[in-house]
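Trainee: Take a look at the following structure, please.
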Amino acid sequence: MKKIAVFVSGGGTNLQALIDAQARGEIVNGEIALVIASRPGIYALDRAKKAGIPAVVCSQKELGSQEAFEAAIHKVLAEHSIHVIVLAGFLSILSENFVRWWPERILNVHPALIPSFCGRGAYGLHVHEQALAYGVKVTGATVHFVTAEPDGGPIVLQKAVEVLPDDTPESLQRRVMEQCEWQLLPRAVSLLCQDRLKVEGRLVRILGGTEV
């Protein structure tokens with residue numbers, strides 16, 4: 001059973017999707033063992049508490065440097081014997097040195113179809129504002145492995161939804177979350193915990209036939 005740490009920075013809707021999926025038995029060979037928040041007072045911490053999941057705040061602002069920030073995270077991960085990291089709305093950038101410690105063991109969910117509307121500055125509602133401004137007819141979400149390049153790691157899963165004529169950034173964000181993010185992220189985490197994701201260059205192959 002692989003122990004999962006979920007990194008959060010806000011309301012924790014994707015954390016809740018993982019908690020709910022775990023309760024339904026959909027995360028095979030994995031359990032959420034830790035939540036790490038980048039700042040205190042966020043609602044994601046309430047979600048963790050309600051689910052009985054240990055939660056820790058590691059604030060770069062309070063710790064004073066990237067090195068101290070990541071050292072604190074490493075310490076907590078080791079204390080909880082974590083195997084897999086999931087970035088679920090985590091707004092702090094992790095350094096190349098940190099990522100190297102966790103090769104092909106960090107997943108991120110991004111609210112667009114990478115390589116569109118991604119990279120530095122593309123997060124949260126800004127992504128959907130960009131999609132609407134560009135006039136795309138479809139958008140969606142992507143789960144990918146994390147590398148030193150923001151949103152640049154190998155893609156694990158993607159799903160698309162139609163952009164409607166009367167969409168606002170808020171309505172589009174909600175539909176992408178409900179129909180894409182909350183479905184893709186638990187599936188990808190389950191596949192990783194089962195050792196069913198094989199990275200071949202920039203491609204990710206799902207082993208073992210039909211997904212579960």
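Each chain in the structure tokens gets a letter, A, B, ..., in the order shown, and its residues are numbered from 1; ligands are numbered from 1 in order too.
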Could you pull the residues within 12 Å of Ser92 (chain A), counting only C-alpha atoms, minus those fewer than 6 positions along the same chain, as number ranges by chain?

Mentor: A: 7-10, 36-39, 58-61, 66, 69-70, 73, 120-121, 123, 150

Trainee: Output all heavy atoms for every residue in that selection, as a compact mmCIF listing (two decimals), in the first residue's frame.

Mentor:
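Resulting contents of result-v9.txt:
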```txt
# COMPACT_ATOMS: atom_id res chain seq x y z
N PHE A 7 -0.53 17.88 -1.85
CA PHE A 7 -0.09 19.26 -1.62
C PHE A 7 -1.19 20.21 -2.07
O PHE A 7 -1.69 20.10 -3.19
CB PHE A 7 1.18 19.56 -2.41
CG PHE A 7 2.43 18.88 -1.91
CD1 PHE A 7 2.40 17.72 -1.15
CD2 PHE A 7 3.68 19.40 -2.22
CE1 PHE A 7 3.56 17.11 -0.70
CE2 PHE A 7 4.85 18.80 -1.79
CZ PHE A 7 4.79 17.65 -1.03
N VAL A 8 -1.54 21.17 -1.22
CA VAL A 8 -2.67 22.07 -1.50
C VAL A 8 -2.31 23.52 -1.17
O VAL A 8 -1.40 23.77 -0.37
CB VAL A 8 -3.92 21.66 -0.69
CG1 VAL A 8 -4.44 20.29 -1.14
CG2 VAL A 8 -3.62 21.63 0.81
N SER A 9 -3.08 24.44 -1.78
CA SER A 9 -2.88 25.86 -1.48
C SER A 9 -4.18 26.63 -1.32
O SER A 9 -4.15 27.84 -1.07
CB SER A 9 -2.06 26.53 -2.61
OG SER A 9 -0.75 26.04 -2.65
N GLY A 10 -5.33 25.97 -1.49
CA GLY A 10 -6.59 26.70 -1.46
C GLY A 10 -7.74 25.90 -0.88
O GLY A 10 -7.62 25.28 0.17
N ILE A 36 -0.17 18.44 2.82
CA ILE A 36 0.76 19.54 3.07
C ILE A 36 0.18 20.80 2.43
O ILE A 36 -0.10 20.82 1.23
CB ILE A 36 2.16 19.24 2.51
CG1 ILE A 36 2.82 18.09 3.30
CG2 ILE A 36 3.04 20.49 2.57
CD1 ILE A 36 4.22 17.75 2.87
N ALA A 37 0.00 21.83 3.24
CA ALA A 37 -0.54 23.10 2.77
C ALA A 37 0.56 24.15 2.70
O ALA A 37 1.43 24.21 3.57
CB ALA A 37 -1.65 23.58 3.70
N SER A 38 0.49 24.99 1.67
CA SER A 38 1.51 26.02 1.50
C SER A 38 1.22 27.26 2.33
O SER A 38 2.06 28.17 2.39
CB SER A 38 1.63 26.41 0.03
OG SER A 38 0.42 26.99 -0.43
N ARG A 39 0.04 27.32 2.96
CA ARG A 39 -0.28 28.45 3.83
C ARG A 39 -1.35 28.04 4.82
O ARG A 39 -2.14 27.11 4.56
CB ARG A 39 -0.75 29.66 3.00
CG ARG A 39 -1.85 29.38 2.03
CD ARG A 39 -2.03 30.51 1.03
NE ARG A 39 -3.05 30.17 0.05
CZ ARG A 39 -4.12 30.90 -0.19
NH1 ARG A 39 -4.35 32.01 0.49
NH2 ARG A 39 -4.99 30.54 -1.11
N CYS A 58 3.51 24.06 5.48
CA CYS A 58 4.89 24.42 5.16
C CYS A 58 4.85 25.68 4.31
O CYS A 58 4.57 25.62 3.11
CB CYS A 58 5.61 23.29 4.42
SG CYS A 58 5.89 21.81 5.40
N SER A 59 5.08 26.82 4.92
CA SER A 59 4.96 28.10 4.24
C SER A 59 6.34 28.63 3.85
O SER A 59 7.18 28.88 4.71
CB SER A 59 4.26 29.11 5.15
OG SER A 59 4.37 30.42 4.65
N GLN A 60 6.55 28.82 2.56
CA GLN A 60 7.82 29.38 2.10
C GLN A 60 8.02 30.78 2.65
O GLN A 60 9.14 31.16 3.01
CB GLN A 60 7.87 29.39 0.57
CG GLN A 60 9.20 29.87 0.02
CD GLN A 60 9.26 29.76 -1.49
OE1 GLN A 60 8.38 29.21 -2.11
NE2 GLN A 60 10.31 30.30 -2.07
N LYS A 61 6.94 31.54 2.74
CA LYS A 61 7.02 32.91 3.27
C LYS A 61 7.54 32.90 4.70
O LYS A 61 8.40 33.72 5.07
CB LYS A 61 5.65 33.56 3.21
CG LYS A 61 5.62 34.99 3.70
CD LYS A 61 4.22 35.57 3.57
CE LYS A 61 4.17 37.01 4.07
NZ LYS A 61 2.81 37.60 3.97
N GLN A 66 13.69 29.05 -0.41
CA GLN A 66 13.28 27.83 -1.11
C GLN A 66 13.92 26.61 -0.48
O GLN A 66 13.28 25.56 -0.32
CB GLN A 66 13.68 27.92 -2.58
CG GLN A 66 13.18 26.77 -3.46
CD GLN A 66 11.70 26.87 -3.79
OE1 GLN A 66 11.11 27.94 -3.64
NE2 GLN A 66 11.10 25.79 -4.23
N PHE A 69 12.21 25.84 2.84
CA PHE A 69 10.86 25.38 2.50
C PHE A 69 10.88 23.91 2.09
O PHE A 69 10.12 23.08 2.61
CB PHE A 69 10.33 26.28 1.39
CG PHE A 69 9.04 25.84 0.76
CD1 PHE A 69 7.87 25.73 1.50
CD2 PHE A 69 8.99 25.59 -0.61
CE1 PHE A 69 6.67 25.36 0.89
CE2 PHE A 69 7.81 25.22 -1.22
CZ PHE A 69 6.65 25.10 -0.47
N GLU A 70 11.76 23.57 1.17
CA GLU A 70 11.80 22.20 0.67
C GLU A 70 12.41 21.24 1.69
O GLU A 70 12.00 20.07 1.75
CB GLU A 70 12.55 22.16 -0.66
CG GLU A 70 11.78 22.90 -1.75
CD GLU A 70 12.42 22.84 -3.11
OE1 GLU A 70 13.58 22.36 -3.21
OE2 GLU A 70 11.78 23.26 -4.10
N ILE A 73 9.57 20.28 3.89
CA ILE A 73 8.69 19.32 3.22
C ILE A 73 9.31 17.93 3.22
O ILE A 73 8.64 16.94 3.55
CB ILE A 73 8.39 19.78 1.78
CG1 ILE A 73 7.54 21.06 1.79
CG2 ILE A 73 7.67 18.68 1.01
CD1 ILE A 73 7.30 21.65 0.42
N ARG A 120 4.25 29.02 -16.39
CA ARG A 120 4.24 30.02 -15.31
C ARG A 120 3.11 31.02 -15.51
O ARG A 120 2.90 31.54 -16.60
CB ARG A 120 5.59 30.74 -15.24
CG ARG A 120 6.72 29.85 -14.75
CD ARG A 120 8.00 30.64 -14.56
NE ARG A 120 9.09 29.77 -14.12
CZ ARG A 120 9.33 29.45 -12.87
NH1 ARG A 120 8.54 29.91 -11.90
NH2 ARG A 120 10.34 28.64 -12.54
N GLY A 121 2.39 31.29 -14.43
CA GLY A 121 1.30 32.24 -14.47
C GLY A 121 -0.03 31.66 -14.89
O GLY A 121 -1.06 32.32 -14.79
N TYR A 123 -2.64 29.40 -13.87
CA TYR A 123 -3.19 28.62 -12.76
C TYR A 123 -4.57 29.16 -12.42
O TYR A 123 -4.92 30.32 -12.72
CB TYR A 123 -2.29 28.67 -11.53
CG TYR A 123 -2.11 30.06 -10.95
CD1 TYR A 123 -2.98 30.54 -9.98
CD2 TYR A 123 -1.08 30.88 -11.39
CE1 TYR A 123 -2.83 31.82 -9.45
CE2 TYR A 123 -0.92 32.16 -10.87
CZ TYR A 123 -1.79 32.62 -9.91
OH TYR A 123 -1.64 33.88 -9.40
N PRO A 150 7.68 23.84 -15.40
CA PRO A 150 6.27 23.94 -14.98
C PRO A 150 5.32 23.43 -16.06
O PRO A 150 5.38 23.88 -17.21
CB PRO A 150 6.08 25.44 -14.73
CG PRO A 150 7.44 25.94 -14.39
CD PRO A 150 8.38 25.14 -15.25
```

Trainee: Give me, as a Markdown table, each residue of region 10-33 of chain A that comes within 12 Å of region 42-56 of chain A, together with its shortest interatomic pair and the distance in Å at one decimal, counting only C-alpha atoms, with rows ordered by chain and rising residue number.

Mentor:
```
| residue | atom | partner | partner_atom | distance |
| --- | --- | --- | --- | --- |
| A:Gly10 | CA | A:Ile42 | CA | 5.4 |
| A:Gly11 | CA | A:Tyr43 | CA | 4.7 |
| A:Gly12 | CA | A:Ala44 | CA | 4.2 |
| A:Thr13 | CA | A:Ala44 | CA | 7.6 |
| A:Asn14 | CA | A:Ala44 | CA | 9.3 |
| A:Leu15 | CA | A:Ala44 | CA | 7.2 |
| A:Gln16 | CA | A:Arg47 | CA | 6.9 |
| A:Ala17 | CA | A:Arg47 | CA | 10.7 |
| A:Leu18 | CA | A:Ala48 | CA | 10.9 |
| A:Ile19 | CA | A:Ala51 | CA | 7.5 |
| A:Asp20 | CA | A:Ala51 | CA | 9.5 |
| A:Gln22 | CA | A:Ala51 | CA | 10.7 |
| A:Ala23 | CA | A:Ala51 | CA | 9.9 |
| A:Glu31 | CA | A:Ile53 | CA | 10.0 |
| A:Ile32 | CA | A:Ile53 | CA | 7.2 |
| A:Ala33 | CA | A:Ile53 | CA | 6.2 |
```

Trainee: As a PyMOL selection string, please: the residues near Val189 (chain A) (cut-off 10 Å, only C-alpha atoms, same-chain neighbours under 3 positions excluded).

Mentor: chain A and resi 4+18+26-31+84-86+105-108+143+156+184-186+192-195+197

Trainee: Emit the selected residues as an mmCIF file, in the first residue's frame, including N, CA and C atoms.

Mentor:
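The resulting file, again_10.cif, is shown below:
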```cif
data_model
loop_
_atom_site.group_PDB
_atom_site.id
_atom_site.type_symbol
_atom_site.label_atom_id
_atom_site.label_comp_id
_atom_site.auth_asym_id
_atom_site.auth_seq_id
_atom_site.Cartn_x
_atom_site.Cartn_y
_atom_site.Cartn_z
ATOM 1 N N ILE A 4 0.240 8.315 0.189
ATOM 2 C CA ILE A 4 0.121 9.471 -0.697
ATOM 3 C C ILE A 4 0.113 10.758 0.124
ATOM 4 N N LEU A 18 -10.196 13.274 -4.307
ATOM 5 C CA LEU A 18 -9.362 12.124 -3.950
ATOM 6 C C LEU A 18 -9.882 11.429 -2.692
ATOM 7 N N GLU A 26 -11.713 3.465 -5.001
ATOM 8 C CA GLU A 26 -11.230 3.658 -6.360
ATOM 9 C C GLU A 26 -9.728 3.914 -6.447
ATOM 10 N N ILE A 27 -9.064 4.149 -5.328
ATOM 11 C CA ILE A 27 -7.610 4.306 -5.350
ATOM 12 C C ILE A 27 -7.005 2.983 -4.892
ATOM 13 N N VAL A 28 -6.617 2.195 -5.854
ATOM 14 C CA VAL A 28 -6.138 0.842 -5.588
ATOM 15 C C VAL A 28 -4.674 0.890 -5.150
ATOM 16 N N ASN A 29 -4.375 0.191 -4.061
ATOM 17 C CA ASN A 29 -3.021 0.078 -3.525
ATOM 18 C C ASN A 29 -2.451 1.414 -3.067
ATOM 19 N N GLY A 30 -3.316 2.360 -2.694
ATOM 20 C CA GLY A 30 -2.839 3.643 -2.196
ATOM 21 C C GLY A 30 -3.773 4.202 -1.152
ATOM 22 N N GLU A 31 -3.221 5.012 -0.245
ATOM 23 C CA GLU A 31 -4.027 5.707 0.748
ATOM 24 C C GLU A 31 -3.470 7.101 0.992
ATOM 25 N N VAL A 84 4.224 8.651 -2.774
ATOM 26 C CA VAL A 84 3.680 9.361 -3.936
ATOM 27 C C VAL A 84 3.229 10.753 -3.514
ATOM 28 N N ILE A 85 3.510 11.765 -4.354
ATOM 29 C CA ILE A 85 3.077 13.133 -4.112
ATOM 30 C C ILE A 85 2.079 13.534 -5.186
ATOM 31 N N VAL A 86 0.995 14.191 -4.760
ATOM 32 C CA VAL A 86 0.007 14.708 -5.693
ATOM 33 C C VAL A 86 -0.130 16.210 -5.466
ATOM 34 N N ARG A 105 7.257 10.178 -9.461
ATOM 35 C CA ARG A 105 6.413 9.913 -8.283
ATOM 36 C C ARG A 105 5.615 11.149 -7.866
ATOM 37 N N ILE A 106 5.654 12.214 -8.688
ATOM 38 C CA ILE A 106 4.865 13.413 -8.412
ATOM 39 C C ILE A 106 3.902 13.635 -9.566
ATOM 40 N N LEU A 107 2.612 13.698 -9.250
ATOM 41 C CA LEU A 107 1.584 13.991 -10.241
ATOM 42 C C LEU A 107 1.018 15.386 -10.001
ATOM 43 N N ASN A 108 0.647 16.056 -11.086
ATOM 44 C CA ASN A 108 -0.020 17.355 -10.999
ATOM 45 C C ASN A 108 -1.245 17.340 -11.901
ATOM 46 N N VAL A 143 -3.554 15.474 -16.362
ATOM 47 C CA VAL A 143 -2.733 14.992 -15.256
ATOM 48 C C VAL A 143 -1.382 14.583 -15.854
ATOM 49 N N VAL A 156 -0.063 11.978 -18.444
ATOM 50 C CA VAL A 156 -0.625 10.683 -18.030
ATOM 51 C C VAL A 156 -2.033 10.507 -18.583
ATOM 52 N N LEU A 184 -10.206 12.505 -13.598
ATOM 53 C CA LEU A 184 -8.870 12.100 -14.033
ATOM 54 C C LEU A 184 -7.904 11.871 -12.882
ATOM 55 N N LEU A 185 -7.911 12.774 -11.901
ATOM 56 C CA LEU A 185 -6.890 12.721 -10.865
ATOM 57 C C LEU A 185 -6.934 11.431 -10.050
ATOM 58 N N PRO A 186 -8.098 11.000 -9.537
ATOM 59 C CA PRO A 186 -8.110 9.720 -8.810
ATOM 60 C C PRO A 186 -7.672 8.534 -9.673
ATOM 61 N N LEU A 192 -0.783 5.026 -10.731
ATOM 62 C CA LEU A 192 0.579 5.177 -10.229
ATOM 63 C C LEU A 192 0.815 4.277 -9.021
ATOM 64 N N CYS A 193 -0.152 4.223 -8.121
ATOM 65 C CA CYS A 193 -0.002 3.389 -6.921
ATOM 66 C C CYS A 193 0.056 1.901 -7.263
ATOM 67 N N GLN A 194 -0.506 1.532 -8.397
ATOM 68 C CA GLN A 194 -0.444 0.136 -8.852
ATOM 69 C C GLN A 194 0.783 -0.156 -9.709
ATOM 70 N N ASP A 195 1.665 0.830 -9.880
ATOM 71 C CA ASP A 195 2.853 0.687 -10.731
ATOM 72 C C ASP A 195 2.475 0.368 -12.170
ATOM 73 N N LEU A 197 2.062 2.812 -14.590
ATOM 74 C CA LEU A 197 2.451 3.888 -15.489
ATOM 75 C C LEU A 197 3.928 3.749 -15.839
#
```

Trainee: As JSON, numbers by chain, which residues of region 7-202 of chain A does DSSP assign to strand (DSSP E or B)?

Mentor: {"A": [7, 8, 30, 31, 32, 33, 34, 35, 36, 37, 55, 56, 57, 84, 85, 86, 87, 106, 107, 108, 109, 110, 138, 139, 140, 141, 142, 143, 144, 145, 155, 156, 157, 158, 159, 160, 161, 162, 197, 198, 199, 200]}

Trainee: So, counting only C-alpha atoms, which residue among A:Ala112, A:Ile155, A:Leu91, A:Leu164 is closest to Gly135 (chain A)?

Mentor: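 Among the listed residues, the smallest separation from Gly135 (chain A) belongs to A:Leu164.
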
Trainee: Could you find all residues in region 105-181 of chain A that DSSP calls helix (DSSP H, G or I) from the backbone, and write them as a PyMOL selection string?

Mentor: chain A and resi 125-134+169-181

Trainee: Using only C-alpha atoms, can you tell me which of A:Ser65, A:Gln179, A:Ser81, A:Asn97 comes closest to Thr147 (chain A)?

Mentor: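 For Thr147 (chain A), the nearest of the candidates is A:Asn97.
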
Trainee: Env of Val161 (chain A): 8 Å cut, atoms = only C-alpha atoms, seq-sep filter 6 positions within chain, self excluded. Answer as a PyMOL selection string.

Mentor: chain A and resi 138-140+175-176+179-180

Trainee: Write out the residues from the selection above, keeping N, CA and C atoms, as a PDB file, in the first residue's frame.

Mentor:
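In the end it all went to result01.pdb:
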```pdb
ATOM      1  N   VAL A 138     -12.911  23.763 -27.409  1.00  0.00           N
ATOM      2  CA  VAL A 138     -12.813  22.719 -26.379  1.00  0.00           C
ATOM      3  C   VAL A 138     -11.675  23.066 -25.437  1.00  0.00           C
ATOM      4  N   THR A 139     -11.825  22.644 -24.214  1.00  0.00           N
ATOM      5  CA  THR A 139     -10.743  22.749 -23.235  1.00  0.00           C
ATOM      6  C   THR A 139     -10.831  21.486 -22.378  1.00  0.00           C
ATOM      7  N   GLY A 140     -10.205  21.473 -21.228  1.00  0.00           N
ATOM      8  CA  GLY A 140     -10.256  20.259 -20.416  1.00  0.00           C
ATOM      9  C   GLY A 140      -9.247  20.283 -19.302  1.00  0.00           C
ATOM     10  N   ARG A 175     -17.135  23.392 -14.757  1.00  0.00           N
ATOM     11  CA  ARG A 175     -17.372  22.223 -15.607  1.00  0.00           C
ATOM     12  C   ARG A 175     -16.093  21.411 -15.807  1.00  0.00           C
ATOM     13  N   VAL A 176     -14.966  22.109 -15.969  1.00  0.00           N
ATOM     14  CA  VAL A 176     -13.695  21.389 -16.116  1.00  0.00           C
ATOM     15  C   VAL A 176     -13.373  20.606 -14.845  1.00  0.00           C
ATOM     16  N   GLN A 179     -16.182  17.572 -14.597  1.00  0.00           N
ATOM     17  CA  GLN A 179     -16.188  16.570 -15.657  1.00  0.00           C
ATOM     18  C   GLN A 179     -14.801  16.049 -16.018  1.00  0.00           C
ATOM     19  N   CYS A 180     -13.766  16.778 -15.618  1.00  0.00           N
ATOM     20  CA  CYS A 180     -12.404  16.371 -15.995  1.00  0.00           C
ATOM     21  C   CYS A 180     -11.508  16.117 -14.780  1.00  0.00           C
TER      22      CYS A 180
END
```

Trainee: So which one's closest to Ser171 (chain A), A:Leu125, A:Ala88, A:Val99, A:Ile82? Using only C-alpha atoms, please.

Mentor: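 Looking only at the distances to Ser171 (chain A), the closest residue turns out to be A:Leu125.
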
Trainee: Out of A:Val109, A:Glu62, A:Val76, A:Arg196, which residue has the shortest atom-to-atom distance to Gly152 (chain A) when counting only C-alpha atoms?

Mentor: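 Closest candidate: A:Val109.
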